[in-house]
file query.tsv (TSV, C-alpha atoms and all ligand atoms)
chain	number	residue	atom	x	y	z
A	1	MET	CA	3.28	-24.14	-17.06
A	2	ILE	CA	-0.22	-22.67	-16.74
A	3	ARG	CA	-0.14	-18.98	-15.83
A	4	TYR	CA	-3.31	-17.70	-14.22
A	5	ASP	CA	-4.15	-14.03	-14.40
A	6	PHE	CA	-5.98	-12.61	-11.39
A	7	THR	CA	-5.29	-8.98	-12.23
A	8	GLY	CA	-8.04	-6.76	-10.81
A	9	LYS	CA	-9.61	-9.61	-8.82
A	10	THR	CA	-10.04	-9.37	-5.06
A	11	VAL	CA	-9.67	-12.61	-3.16
A	12	ILE	CA	-10.49	-13.34	0.49
A	13	ILE	CA	-8.59	-16.32	1.94
A	14	THR	CA	-9.55	-17.43	5.43
A	15	GLY	CA	-6.91	-19.17	7.51
A	16	GLY	CA	-4.41	-17.17	5.47
A	17	MET	CA	-1.70	-17.37	8.11
A	18	GLY	CA	-1.75	-21.18	7.97
A	19	ASP	CA	0.39	-23.20	5.57
A	20	ILE	CA	-2.14	-23.96	2.80
A	21	GLY	CA	-3.72	-20.51	3.11
A	22	LYS	CA	-0.45	-18.61	2.87
A	23	ALA	CA	0.80	-20.70	-0.10
A	24	THR	CA	-2.48	-19.92	-1.89
A	25	ALA	CA	-2.28	-16.23	-0.96
A	26	ARG	CA	1.26	-15.98	-2.30
A	27	LYS	CA	0.34	-17.61	-5.62
A	28	VAL	CA	-2.70	-15.43	-6.27
A	29	LEU	CA	-0.73	-12.32	-5.30
A	30	GLU	CA	1.95	-13.32	-7.82
A	31	ALA	CA	-0.86	-13.70	-10.37
A	32	GLY	CA	-1.94	-10.09	-9.81
A	33	ALA	CA	-4.79	-10.35	-7.29
A	34	ASN	CA	-5.65	-8.10	-4.36
A	35	VAL	CA	-5.69	-10.42	-1.37
A	36	VAL	CA	-7.29	-10.22	2.06
A	37	VAL	CA	-6.00	-12.88	4.42
A	38	ALA	CA	-8.15	-13.53	7.47
A	39	GLY	CA	-7.55	-15.39	10.68
A	40	ARG	CA	-7.76	-15.02	14.42
A	41	HIS	CA	-4.08	-14.10	14.81
A	42	GLU	CA	-1.85	-12.10	12.49
A	43	LYS	CA	1.67	-13.45	11.88
A	44	PRO	CA	4.00	-10.56	10.92
A	45	GLU	CA	6.53	-12.91	9.28
A	46	VAL	CA	3.84	-14.34	7.00
A	47	MET	CA	2.62	-10.85	6.06
A	48	GLU	CA	6.19	-9.82	5.27
A	49	TRP	CA	6.63	-12.91	3.03
A	50	LEU	CA	3.36	-12.15	1.24
A	51	ARG	CA	4.32	-8.50	0.73
A	52	GLN	CA	7.46	-9.69	-1.11
A	53	ALA	CA	5.03	-10.83	-3.83
A	54	SER	CA	2.82	-7.72	-3.79
A	55	GLU	CA	1.80	-4.82	-1.59
A	56	ASN	CA	-1.86	-5.51	-2.46
A	57	VAL	CA	-2.38	-7.66	0.60
A	58	MET	CA	-4.13	-6.95	3.89
A	59	PHE	CA	-4.77	-8.94	7.06
A	60	VAL	CA	-8.17	-8.75	8.77
A	61	CYS	CA	-8.62	-10.29	12.20
A	62	CYS	CA	-11.66	-12.56	11.99
A	63	ASP	CA	-13.07	-15.57	13.79
A	64	ILE	CA	-15.14	-17.08	10.98
A	65	SER	CA	-17.53	-18.70	13.45
A	66	LYS	CA	-18.70	-15.19	14.50
A	67	TRP	CA	-21.20	-13.55	12.14
A	68	GLU	CA	-20.15	-10.01	13.12
A	69	ASP	CA	-16.47	-10.78	12.40
A	70	ASP	CA	-17.47	-12.12	8.96
A	71	GLU	CA	-19.48	-8.98	8.23
A	72	ASN	CA	-16.51	-6.86	9.24
A	73	LEU	CA	-14.16	-8.93	7.03
A	74	VAL	CA	-16.34	-8.37	3.97
A	75	SER	CA	-16.89	-4.66	4.63
A	76	GLU	CA	-13.14	-4.08	5.25
A	77	THR	CA	-12.40	-5.89	1.96
A	78	ILE	CA	-14.88	-3.77	0.01
A	79	ARG	CA	-13.62	-0.58	1.72
A	80	ARG	CA	-9.99	-1.30	0.69
A	81	PHE	CA	-10.42	-3.03	-2.70
A	82	GLY	CA	-13.99	-2.17	-3.81
A	83	ALA	CA	-15.42	-5.71	-4.19
A	84	VAL	CA	-15.08	-9.41	-3.41
A	85	ASP	CA	-14.62	-11.54	-6.53
A	86	ILE	CA	-13.30	-14.76	-5.02
A	87	LEU	CA	-13.67	-16.36	-1.58
A	88	VAL	CA	-11.47	-19.24	-0.43
A	89	ASN	CA	-12.96	-20.83	2.69
A	90	ASN	CA	-9.75	-22.41	3.92
A	91	ALA	CA	-9.82	-21.86	7.72
A	92	GLY	CA	-10.53	-24.98	9.71
A	93	ILE	CA	-9.61	-26.91	12.82
A	94	ASN	CA	-9.36	-30.61	13.46
A	95	GLY	CA	-7.95	-31.28	16.88
A	96	GLN	CA	-4.86	-33.01	18.16
A	97	GLN	CA	-4.34	-35.01	21.30
A	98	PRO	CA	-5.96	-34.90	23.82
A	99	GLU	CA	-9.00	-34.10	21.64
A	100	ARG	CA	-8.71	-37.23	19.48
A	101	LYS	CA	-11.04	-39.70	21.11
A	102	PRO	CA	-13.17	-42.73	20.24
A	103	PHE	CA	-16.67	-41.84	19.07
A	104	HIS	CA	-18.33	-42.92	22.34
A	105	GLU	CA	-15.99	-40.72	24.39
A	106	TYR	CA	-15.77	-37.69	22.09
A	107	ARG	CA	-16.17	-34.42	24.05
A	108	HIS	CA	-19.32	-32.43	23.20
A	109	GLU	CA	-17.53	-29.09	23.67
A	110	PHE	CA	-14.93	-29.99	21.09
A	111	TRP	CA	-17.53	-31.41	18.69
A	112	ASN	CA	-19.37	-28.07	18.90
A	113	GLU	CA	-16.17	-26.08	18.39
A	114	VAL	CA	-15.19	-27.99	15.24
A	115	ILE	CA	-18.69	-27.78	13.76
A	116	SER	CA	-18.97	-24.08	14.62
A	117	ILE	CA	-15.74	-23.24	12.79
A	118	ASP	CA	-15.54	-25.72	9.92
A	119	VAL	CA	-19.24	-25.78	8.99
A	120	ASN	CA	-20.93	-22.71	10.50
A	121	GLY	CA	-17.99	-20.42	9.73
A	122	THR	CA	-17.95	-21.53	6.09
A	123	PHE	CA	-21.73	-21.08	5.88
A	124	TYR	CA	-21.81	-17.62	7.53
A	125	LEU	CA	-18.99	-16.09	5.52
A	126	SER	CA	-20.22	-17.60	2.24
A	127	GLN	CA	-23.68	-16.20	2.90
A	128	ILE	CA	-22.35	-12.67	3.50
A	129	VAL	CA	-19.98	-12.83	0.52
A	130	SER	CA	-22.63	-14.21	-1.83
A	131	ARG	CA	-25.02	-11.40	-0.82
A	132	ALA	CA	-22.30	-8.86	-1.69
A	133	MET	CA	-21.59	-10.64	-4.99
A	134	ILE	CA	-25.30	-10.70	-5.89
A	135	GLU	CA	-25.60	-7.00	-5.07
A	136	ALA	CA	-22.54	-6.16	-7.19
A	137	GLY	CA	-24.05	-8.19	-10.07
A	138	LYS	CA	-20.72	-9.44	-11.45
A	139	GLY	CA	-20.83	-13.07	-10.30
A	140	GLY	CA	-17.93	-14.65	-8.47
A	141	SER	CA	-16.18	-17.81	-7.45
A	142	ILE	CA	-16.09	-19.59	-4.08
A	143	VAL	CA	-13.73	-22.45	-3.23
A	144	ASN	CA	-14.31	-24.48	-0.07
A	145	ILE	CA	-11.36	-26.39	1.35
A	146	SER	CA	-12.59	-29.67	2.74
A	147	SER	CA	-10.64	-32.92	3.24
A	148	VAL	CA	-10.45	-36.51	2.00
A	149	MET	CA	-11.75	-37.32	5.47
A	150	GLY	CA	-15.06	-35.80	4.42
A	151	ILE	CA	-15.21	-38.66	1.91
A	152	ASN	CA	-13.60	-41.52	3.86
A	153	PRO	CA	-13.92	-41.26	7.64
A	154	ALA	CA	-10.93	-41.65	9.93
A	155	ARG	CA	-10.91	-43.01	13.45
A	156	LEU	CA	-10.83	-40.72	16.53
A	157	GLN	CA	-11.83	-37.57	14.62
A	158	CYS	CA	-15.58	-37.83	14.25
A	159	ALA	CA	-16.23	-34.07	14.43
A	160	PHE	CA	-13.72	-33.26	11.68
A	161	THR	CA	-14.92	-36.00	9.33
A	162	VAL	CA	-18.57	-35.03	9.82
A	163	ALA	CA	-17.73	-31.32	9.45
A	164	LYS	CA	-15.86	-31.86	6.20
A	165	ALA	CA	-18.61	-34.13	4.83
A	166	GLY	CA	-20.93	-31.22	5.64
A	167	VAL	CA	-18.66	-28.84	3.73
A	168	ASN	CA	-18.72	-31.21	0.73
A	169	MET	CA	-22.52	-31.05	0.64
A	170	LEU	CA	-22.63	-27.33	1.42
A	171	SER	CA	-20.50	-26.71	-1.68
A	172	ARG	CA	-23.02	-28.57	-3.85
A	173	VAL	CA	-25.99	-26.78	-2.27
A	174	MET	CA	-24.31	-23.42	-2.79
A	175	ALA	CA	-23.41	-24.29	-6.40
A	176	LEU	CA	-27.02	-25.22	-7.09
A	177	GLU	CA	-28.52	-22.10	-5.56
A	178	LEU	CA	-25.95	-19.52	-6.59
A	179	ALA	CA	-25.54	-20.54	-10.26
A	180	PRO	CA	-28.39	-18.20	-11.36
A	181	TYR	CA	-26.24	-15.31	-10.04
A	182	ASN	CA	-23.19	-16.51	-11.97
A	183	ILE	CA	-21.46	-17.46	-8.72
A	184	ARG	CA	-19.56	-20.72	-9.08
A	185	VAL	CA	-18.87	-22.83	-6.00
A	186	ASN	CA	-16.39	-25.67	-5.93
A	187	ASN	CA	-14.89	-27.93	-3.32
A	188	LEU	CA	-11.31	-29.11	-2.87
A	189	CYS	CA	-10.38	-32.12	-0.74
A	190	PRO	CA	-6.69	-32.25	0.20
A	191	GLY	CA	-5.17	-35.52	1.35
A	192	SER	CA	-2.25	-35.43	3.75
A	193	ILE	CA	-0.21	-32.29	3.13
A	194	LEU	CA	3.24	-31.51	4.48
A	195	THR	CA	2.85	-28.49	6.74
A	196	GLU	CA	4.49	-27.25	9.93
A	197	LYS	CA	1.73	-28.96	11.93
A	198	THR	CA	1.79	-32.32	10.12
A	199	TYR	CA	5.60	-32.30	10.28
A	200	SER	CA	5.61	-31.87	14.05
A	201	LYS	CA	2.73	-34.36	14.46
A	202	PHE	CA	4.08	-37.22	12.35
A	203	TYR	CA	6.29	-36.46	9.33
A	204	SER	CA	9.27	-35.76	11.61
A	205	ASP	CA	9.00	-39.39	12.77
A	206	PRO	CA	9.95	-42.02	10.12
A	207	VAL	CA	7.87	-44.76	11.76
A	208	LYS	CA	4.70	-42.63	11.87
A	209	THR	CA	5.41	-41.42	8.33
A	210	GLU	CA	5.66	-44.95	6.96
A	211	LYS	CA	2.44	-45.97	8.70
A	212	LEU	CA	0.55	-43.00	7.34
A	213	LEU	CA	1.91	-43.22	3.81
A	214	SER	CA	1.05	-46.91	3.60
A	215	HIS	CA	-2.47	-45.66	2.71
A	216	VAL	CA	-1.25	-43.26	0.03
A	217	PRO	CA	-0.53	-44.80	-3.39
A	218	MET	CA	1.89	-41.99	-4.30
A	219	LYS	CA	3.85	-42.64	-1.07
A	220	ARG	CA	4.46	-39.01	-0.24
A	221	PRO	CA	2.56	-36.14	1.37
A	222	GLY	CA	1.27	-33.36	-0.86
A	223	LYS	CA	2.90	-29.94	-1.03
A	224	THR	CA	0.98	-26.82	-0.04
A	225	GLU	CA	1.69	-25.42	-3.54
A	226	GLU	CA	-0.07	-28.44	-5.05
A	227	ILE	CA	-3.23	-27.43	-3.19
A	228	ALA	CA	-2.75	-23.76	-4.08
A	229	VAL	CA	-2.71	-24.51	-7.84
A	230	GLY	CA	-5.91	-26.51	-7.46
A	231	VAL	CA	-7.52	-23.53	-5.76
A	232	MET	CA	-6.27	-21.24	-8.52
A	233	PHE	CA	-7.82	-23.43	-11.21
A	234	LEU	CA	-11.20	-23.55	-9.46
A	235	ALA	CA	-11.14	-19.82	-8.66
A	236	SER	CA	-10.03	-18.68	-12.10
A	237	GLU	CA	-12.07	-17.95	-15.21
A	238	GLU	CA	-10.34	-20.93	-16.88
A	239	SER	CA	-12.77	-23.17	-14.95
A	240	GLY	CA	-15.74	-21.04	-16.05
A	241	TYR	CA	-18.09	-24.01	-16.63
A	242	THR	CA	-17.09	-25.84	-13.45
A	243	THR	CA	-19.42	-25.55	-10.51
A	244	GLY	CA	-20.40	-28.02	-7.79
A	245	ALA	CA	-17.26	-30.03	-8.54
A	246	ASN	CA	-15.04	-31.74	-6.01
A	247	LEU	CA	-11.33	-31.70	-6.77
A	248	VAL	CA	-9.53	-34.34	-4.72
A	249	ILE	CA	-5.77	-33.76	-4.41
A	250	ASP	CA	-4.57	-36.64	-2.28
A	251	GLY	CA	-1.96	-38.77	-4.08
A	252	GLY	CA	-4.66	-41.39	-4.60
A	253	TRP	CA	-5.56	-41.84	-0.89
A	254	GLN	CA	-9.32	-42.13	-1.36
A	255	CYS	CA	-9.06	-44.56	-4.31
A	256	GLY	CA	-9.02	-47.48	-1.92
A	257	PHE	CA	-6.64	-49.78	-0.10
A	258	THR	CA	-3.10	-49.89	-1.44
A	259	ARG	CA	-2.36	-53.40	-0.19
A	260	ASP	CA	-2.71	-56.58	-2.24
A	261	TRP	CA	-5.57	-58.94	-1.40
B	301	LIG	N1	-2.71	-30.04	6.17
B	301	LIG	C1	-3.39	-31.09	5.78
B	301	LIG	O1	-2.83	-32.20	5.66
B	301	LIG	C2	-4.85	-30.96	5.43
B	301	LIG	C3	-5.51	-32.09	4.94
B	301	LIG	C4	-6.85	-32.02	4.61
B	301	LIG	C5	-7.53	-30.83	4.76
B	301	LIG	N2	-6.89	-29.72	5.24
B	301	LIG	C6	-7.67	-28.48	5.38
B	301	LIG	O2	-6.99	-27.41	4.76
B	301	LIG	C7	-7.27	-26.20	5.48
B	301	LIG	C8	-5.96	-25.52	5.84
B	301	LIG	O3	-5.17	-26.43	6.57
B	301	LIG	P1	-3.67	-26.16	7.04
B	301	LIG	O4	-3.00	-27.45	7.07
B	301	LIG	O5	-3.07	-25.02	6.29
B	301	LIG	O6	-3.96	-25.75	8.55
B	301	LIG	P2	-3.32	-24.66	9.50
B	301	LIG	O7	-1.88	-24.46	9.16
B	301	LIG	O8	-3.72	-25.03	10.87
B	301	LIG	O9	-4.13	-23.37	9.05
B	301	LIG	C9	-5.48	-23.18	9.39
B	301	LIG	C10	-5.67	-21.72	9.66
B	301	LIG	O10	-7.05	-21.50	10.00
B	301	LIG	C11	-7.10	-20.50	10.99
B	301	LIG	N3	-8.30	-20.63	11.78
B	301	LIG	C12	-8.65	-21.64	12.62
B	301	LIG	N4	-9.83	-21.37	13.20
B	301	LIG	C13	-10.24	-20.18	12.70
B	301	LIG	C14	-11.38	-19.37	12.91
B	301	LIG	N5	-12.34	-19.70	13.79
B	301	LIG	N6	-11.47	-18.21	12.24
B	301	LIG	C15	-10.51	-17.84	11.38
B	301	LIG	N7	-9.41	-18.55	11.13
B	301	LIG	C16	-9.29	-19.71	11.80
B	301	LIG	C17	-5.84	-20.73	11.83
B	301	LIG	O11	-5.35	-19.52	12.38
B	301	LIG	P3	-5.81	-18.92	13.78
B	301	LIG	O12	-5.88	-20.09	14.75
B	301	LIG	O13	-4.79	-17.92	14.11
B	301	LIG	O14	-7.14	-18.31	13.52
B	301	LIG	C18	-4.83	-21.23	10.81
B	301	LIG	O15	-4.00	-20.19	10.33
B	301	LIG	C19	-8.12	-26.60	6.67
B	301	LIG	O16	-9.49	-26.39	6.39
B	301	LIG	C20	-7.83	-28.08	6.83
B	301	LIG	O17	-8.88	-28.79	7.45
B	301	LIG	C21	-5.57	-29.78	5.57
call {"tool": "encode", "arguments": {"input": "query.tsv", "output": "structure tokens"}}
result
Amino acid sequence: MIRYDFTGKTVIITGGMGDIGKATARKVLEAGANVVVAGRHEKPEVMEWLRQASENVMFVCCDISKWEDDENLVSETIRRFGAVDILVNNAGINGQQPERKPFHEYRHEFWNEVISIDVNGTFYLSQIVSRAMIEAGKGGSIVNISSVMGINPARLQCAFTVAKAGVNMLSRVMALELAPYNIRVNNLCPGSILTEKTYSKFYSDPVKTEKLLSHVPMKRPGKTEEIAVGVMFLASEESGYTTGANLVIDGGWQCGFTRDW
């Protein structure tokens, strides 16, 4: 088993109260990092679970789509831990019913909300963090959590698919422009992951599960820990020559159709 060492590194993880964010936070805490988890609402039970791994964890209330919240997140991180070495842009929204609508009926308000969080939030926070990294002069690593839907579109979720395609390109733009400062930027596209939300939406229903997994060659959803280890690889010094890459962790979903022709 690969053991990553994040001792002395400070990591910001947005959406850290959500399932993928908290699994990632737990793993990097176990690997010795200082961790700041950010989100709009603190969940005491998640913080308690994270503190079982290490006391070097702090929650900062932050709506990533608000520039002033992002500035506060970065300054609180530097105040407590002295620097930001790694940023994981994990927070994001998609939208459940009744927001899932055909393209020609998609609500403008919801389109704007998704773009303002998934794209603008990632852009704002990355800009503030990269300025701090450049000023500190020690480089850094940024991992953007996107989605396979940013590669292959899905019906009824045009805002999410466009937002995640935007994140995919933003990662490459950032990699290109931040490399001279020794800041690496990589992208991770999860496929369908078993979380509290996806369980209540479809994995609790065998019929919906079968329908969904018919597109997934590995015939199972991913585990949050399988995303967390991908983040750890991209964030760690072990991937020191990797920048602008896109790591797809999706059980083969985006390889193509699984049916015979
Ligand atoms: N689960 C999957 O199958 C899957 C597949 C592909 C991609 N992804 C991506 O993976 C990431 C994490 O997904 P997840 O399944 O762990 O989702 P989740 O459980 O819903 O977690 C997302 C977290 O983001 C936070 N968040 C939402 N809007 C925010 C904002 N404006 N500012 C700060 N935090 C905000 C939410 O907390 P608050 O609402 O309290 O702020 C929530 O804790 C997302 O970017 C998602 O698009 C997930």
call {"tool": "residues_around", "arguments": {"input": "query.tsv", "residues": "Thr14 (chain A)", "least_positions_apart": "3", "cutoff": "8 Å", "atoms": "all atoms listed in the file", "output": "NGL selection string"}}
result
:A and (21 or 37-39 or 64 or 88-91)
call {"tool": "axis_aligned_box", "arguments": {"input": "query.tsv", "around": "ligand LIG 301 (chain B)", "padding_each_side": "8 Å", "output": "AutoDock Vina command-line options"}}
result
--center_x -7.1 --center_y -25.0 --center_z 9.7 --size_x 26.5 --size_y 30.4 --size_z 26.1
call {"tool": "closest_residue", "arguments": {"input": "query.tsv", "among": "A:Cys61, A:Met47, A:Ala132, A:Ala235", "to": "ligand LIG 301 (chain B)", "atoms": "only C-alpha atoms and all ligand atoms"}}
result
A:Cys61
call {"tool": "residues_near_ligand", "arguments": {"input": "query.tsv", "ligand": "ligand LIG 301 (chain B)", "cutoff": "9 Å", "atoms": "all atoms listed in the file", "output": "ChimeraX atom specification"}}
result
/A:14-23,38-43,61-66,69,89-94,113-114,116-118,121,144-149,160,164,188-198,221-222,224,227,250
call {"tool": "residues_near_point", "arguments": {"input": "query.tsv", "point": "(-15.2, -10.6, -3.7)", "cutoff": "12 Å", "atoms": "all atoms listed in the file", "output": "ChimeraX atom specification"}}
result
/A:8-13,33-36,73-88,125-126,128-143,183,235
call {"tool": "atom_distance", "arguments": {"input": "query.tsv", "atom1": "CA of Thr242 (chain A)", "atom2": "CA of Ala179 (chain A)"}}
result
10.5 Å
call {"tool": "closest_residue", "arguments": {"input": "query.tsv", "among": "A:Leu247, A:Ala159, A:Met58, A:Ala31", "to": "Asn186 (chain A)", "atoms": "all atoms listed in the file"}}
result
A:Leu247
call {"tool": "residues_around", "arguments": {"input": "query.tsv", "residues": "Thr243 (chain A)", "least_positions_apart": "3", "cutoff": "7 Å", "atoms": "all atoms listed in the file", "output": "PyMOL selection string"}}
result
chain A and resi 175+184-186
call {"tool": "closest_residue", "arguments": {"input": "query.tsv", "among": "A:Thr7, A:Met218, A:Asn246, A:Asp70", "to": "Val231 (chain A)", "atoms": "only C-alpha atoms"}}
result
A:Asn246
call {"tool": "atom_distance", "arguments": {"input": "query.tsv", "atom1": "CA of Tyr106 (chain A)", "atom2": "CA of Asn152 (chain A)"}}
result
18.8 Å
call {"tool": "atom_distance", "arguments": {"input": "query.tsv", "atom1": "CA of Glu48 (chain A)", "atom2": "CA of Val229 (chain A)"}}
result
21.6 Å
call {"tool": "closest_residue", "arguments": {"input": "query.tsv", "among": "A:Arg3, A:Lys101, A:Arg26, A:Arg155", "to": "Asn56 (chain A)", "atoms": "all atoms listed in the file"}}
result
A:Arg26
call {"tool": "residues_around", "arguments": {"input": "query.tsv", "residues": "Leu50 (chain A)", "least_positions_apart": "3", "cutoff": "9 Å", "atoms": "all atoms listed in the file", "output": "PyMOL selection string"}}
result
chain A and resi 22+25-26+29+45-47+53-55+57
call {"tool": "decode", "arguments": {"input": "query.tsv", "residues": "region 82-91 of chain A", "atoms": "all heavy atoms", "output": "PDB file, in the first residue's frame"}}
result
ATOM      1  N   GLY A  82      -0.176  29.009   9.116  1.00  0.00           N
ATOM      2  CA  GLY A  82       1.010  29.699   8.578  1.00  0.00           C
ATOM      3  C   GLY A  82       1.134  29.725   7.064  1.00  0.00           C
ATOM      4  O   GLY A  82       1.924  30.509   6.538  1.00  0.00           O
ATOM      5  N   ALA A  83       0.415  28.871   6.332  1.00  0.00           N
ATOM      6  CA  ALA A  83       0.560  28.828   4.866  1.00  0.00           C
ATOM      7  C   ALA A  83      -0.566  27.998   4.261  1.00  0.00           C
ATOM      8  O   ALA A  83      -1.318  27.337   4.995  1.00  0.00           O
ATOM      9  CB  ALA A  83       1.891  28.176   4.495  1.00  0.00           C
ATOM     10  N   VAL A  84      -0.669  28.039   2.943  1.00  0.00           N
ATOM     11  CA  VAL A  84      -1.521  27.077   2.214  1.00  0.00           C
ATOM     12  C   VAL A  84      -0.606  26.360   1.231  1.00  0.00           C
ATOM     13  O   VAL A  84      -0.004  26.992   0.360  1.00  0.00           O
ATOM     14  CB  VAL A  84      -2.652  27.749   1.393  1.00  0.00           C
ATOM     15  CG1 VAL A  84      -3.585  26.686   0.812  1.00  0.00           C
ATOM     16  CG2 VAL A  84      -3.422  28.756   2.202  1.00  0.00           C
ATOM     17  N   ASP A  85      -0.477  25.053   1.374  1.00  0.00           N
ATOM     18  CA  ASP A  85       0.379  24.285   0.465  1.00  0.00           C
ATOM     19  C   ASP A  85      -0.432  23.579  -0.608  1.00  0.00           C
ATOM     20  O   ASP A  85       0.051  23.363  -1.716  1.00  0.00           O
ATOM     21  CB  ASP A  85       1.167  23.225   1.253  1.00  0.00           C
ATOM     22  CG  ASP A  85       2.030  23.877   2.320  1.00  0.00           C
ATOM     23  OD1 ASP A  85       2.967  24.593   1.946  1.00  0.00           O
ATOM     24  OD2 ASP A  85       1.737  23.699   3.524  1.00  0.00           O
ATOM     25  N   ILE A  86      -1.653  23.185  -0.238  1.00  0.00           N
ATOM     26  CA  ILE A  86      -2.477  22.374  -1.146  1.00  0.00           C
ATOM     27  C   ILE A  86      -3.924  22.876  -1.067  1.00  0.00           C
ATOM     28  O   ILE A  86      -4.439  23.131   0.028  1.00  0.00           O
ATOM     29  CB  ILE A  86      -2.416  20.886  -0.736  1.00  0.00           C
ATOM     30  CG1 ILE A  86      -0.985  20.343  -0.940  1.00  0.00           C
ATOM     31  CG2 ILE A  86      -3.434  20.033  -1.512  1.00  0.00           C
ATOM     32  CD1 ILE A  86      -0.682  19.060  -0.192  1.00  0.00           C
ATOM     33  N   LEU A  87      -4.545  23.015  -2.225  1.00  0.00           N
ATOM     34  CA  LEU A  87      -5.971  23.376  -2.273  1.00  0.00           C
ATOM     35  C   LEU A  87      -6.718  22.283  -3.024  1.00  0.00           C
ATOM     36  O   LEU A  87      -6.317  21.911  -4.135  1.00  0.00           O
ATOM     37  CB  LEU A  87      -6.151  24.717  -3.008  1.00  0.00           C
ATOM     38  CG  LEU A  87      -7.582  25.075  -3.417  1.00  0.00           C
ATOM     39  CD1 LEU A  87      -8.489  25.272  -2.192  1.00  0.00           C
ATOM     40  CD2 LEU A  87      -7.586  26.345  -4.282  1.00  0.00           C
ATOM     41  N   VAL A  88      -7.788  21.777  -2.428  1.00  0.00           N
ATOM     42  CA  VAL A  88      -8.651  20.817  -3.123  1.00  0.00           C
ATOM     43  C   VAL A  88      -9.999  21.502  -3.342  1.00  0.00           C
ATOM     44  O   VAL A  88     -10.767  21.719  -2.397  1.00  0.00           O
ATOM     45  CB  VAL A  88      -8.820  19.504  -2.320  1.00  0.00           C
ATOM     46  CG1 VAL A  88      -9.674  18.510  -3.111  1.00  0.00           C
ATOM     47  CG2 VAL A  88      -7.468  18.894  -1.968  1.00  0.00           C
ATOM     48  N   ASN A  89     -10.260  21.887  -4.587  1.00  0.00           N
ATOM     49  CA  ASN A  89     -11.532  22.531  -4.946  1.00  0.00           C
ATOM     50  C   ASN A  89     -12.565  21.434  -5.172  1.00  0.00           C
ATOM     51  O   ASN A  89     -12.742  20.944  -6.291  1.00  0.00           O
ATOM     52  CB  ASN A  89     -11.354  23.351  -6.225  1.00  0.00           C
ATOM     53  CG  ASN A  89     -10.669  24.673  -5.978  1.00  0.00           C
ATOM     54  OD1 ASN A  89     -11.090  25.441  -5.110  1.00  0.00           O
ATOM     55  ND2 ASN A  89      -9.614  24.947  -6.732  1.00  0.00           N
ATOM     56  N   ASN A  90     -13.216  21.043  -4.084  1.00  0.00           N
ATOM     57  CA  ASN A  90     -14.136  19.901  -4.144  1.00  0.00           C
ATOM     58  C   ASN A  90     -15.610  20.328  -4.088  1.00  0.00           C
ATOM     59  O   ASN A  90     -16.473  19.610  -4.571  1.00  0.00           O
ATOM     60  CB  ASN A  90     -13.803  18.957  -2.972  1.00  0.00           C
ATOM     61  CG  ASN A  90     -14.875  17.933  -2.712  1.00  0.00           C
ATOM     62  OD1 ASN A  90     -15.059  17.006  -3.487  1.00  0.00           O
ATOM     63  ND2 ASN A  90     -15.622  18.122  -1.622  1.00  0.00           N
ATOM     64  N   ALA A  91     -15.897  21.499  -3.502  1.00  0.00           N
ATOM     65  CA  ALA A  91     -17.301  21.913  -3.344  1.00  0.00           C
ATOM     66  C   ALA A  91     -17.968  22.045  -4.706  1.00  0.00           C
ATOM     67  O   ALA A  91     -17.356  22.521  -5.663  1.00  0.00           O
ATOM     68  CB  ALA A  91     -17.376  23.243  -2.605  1.00  0.00           C
TER      69      ALA A  91
END
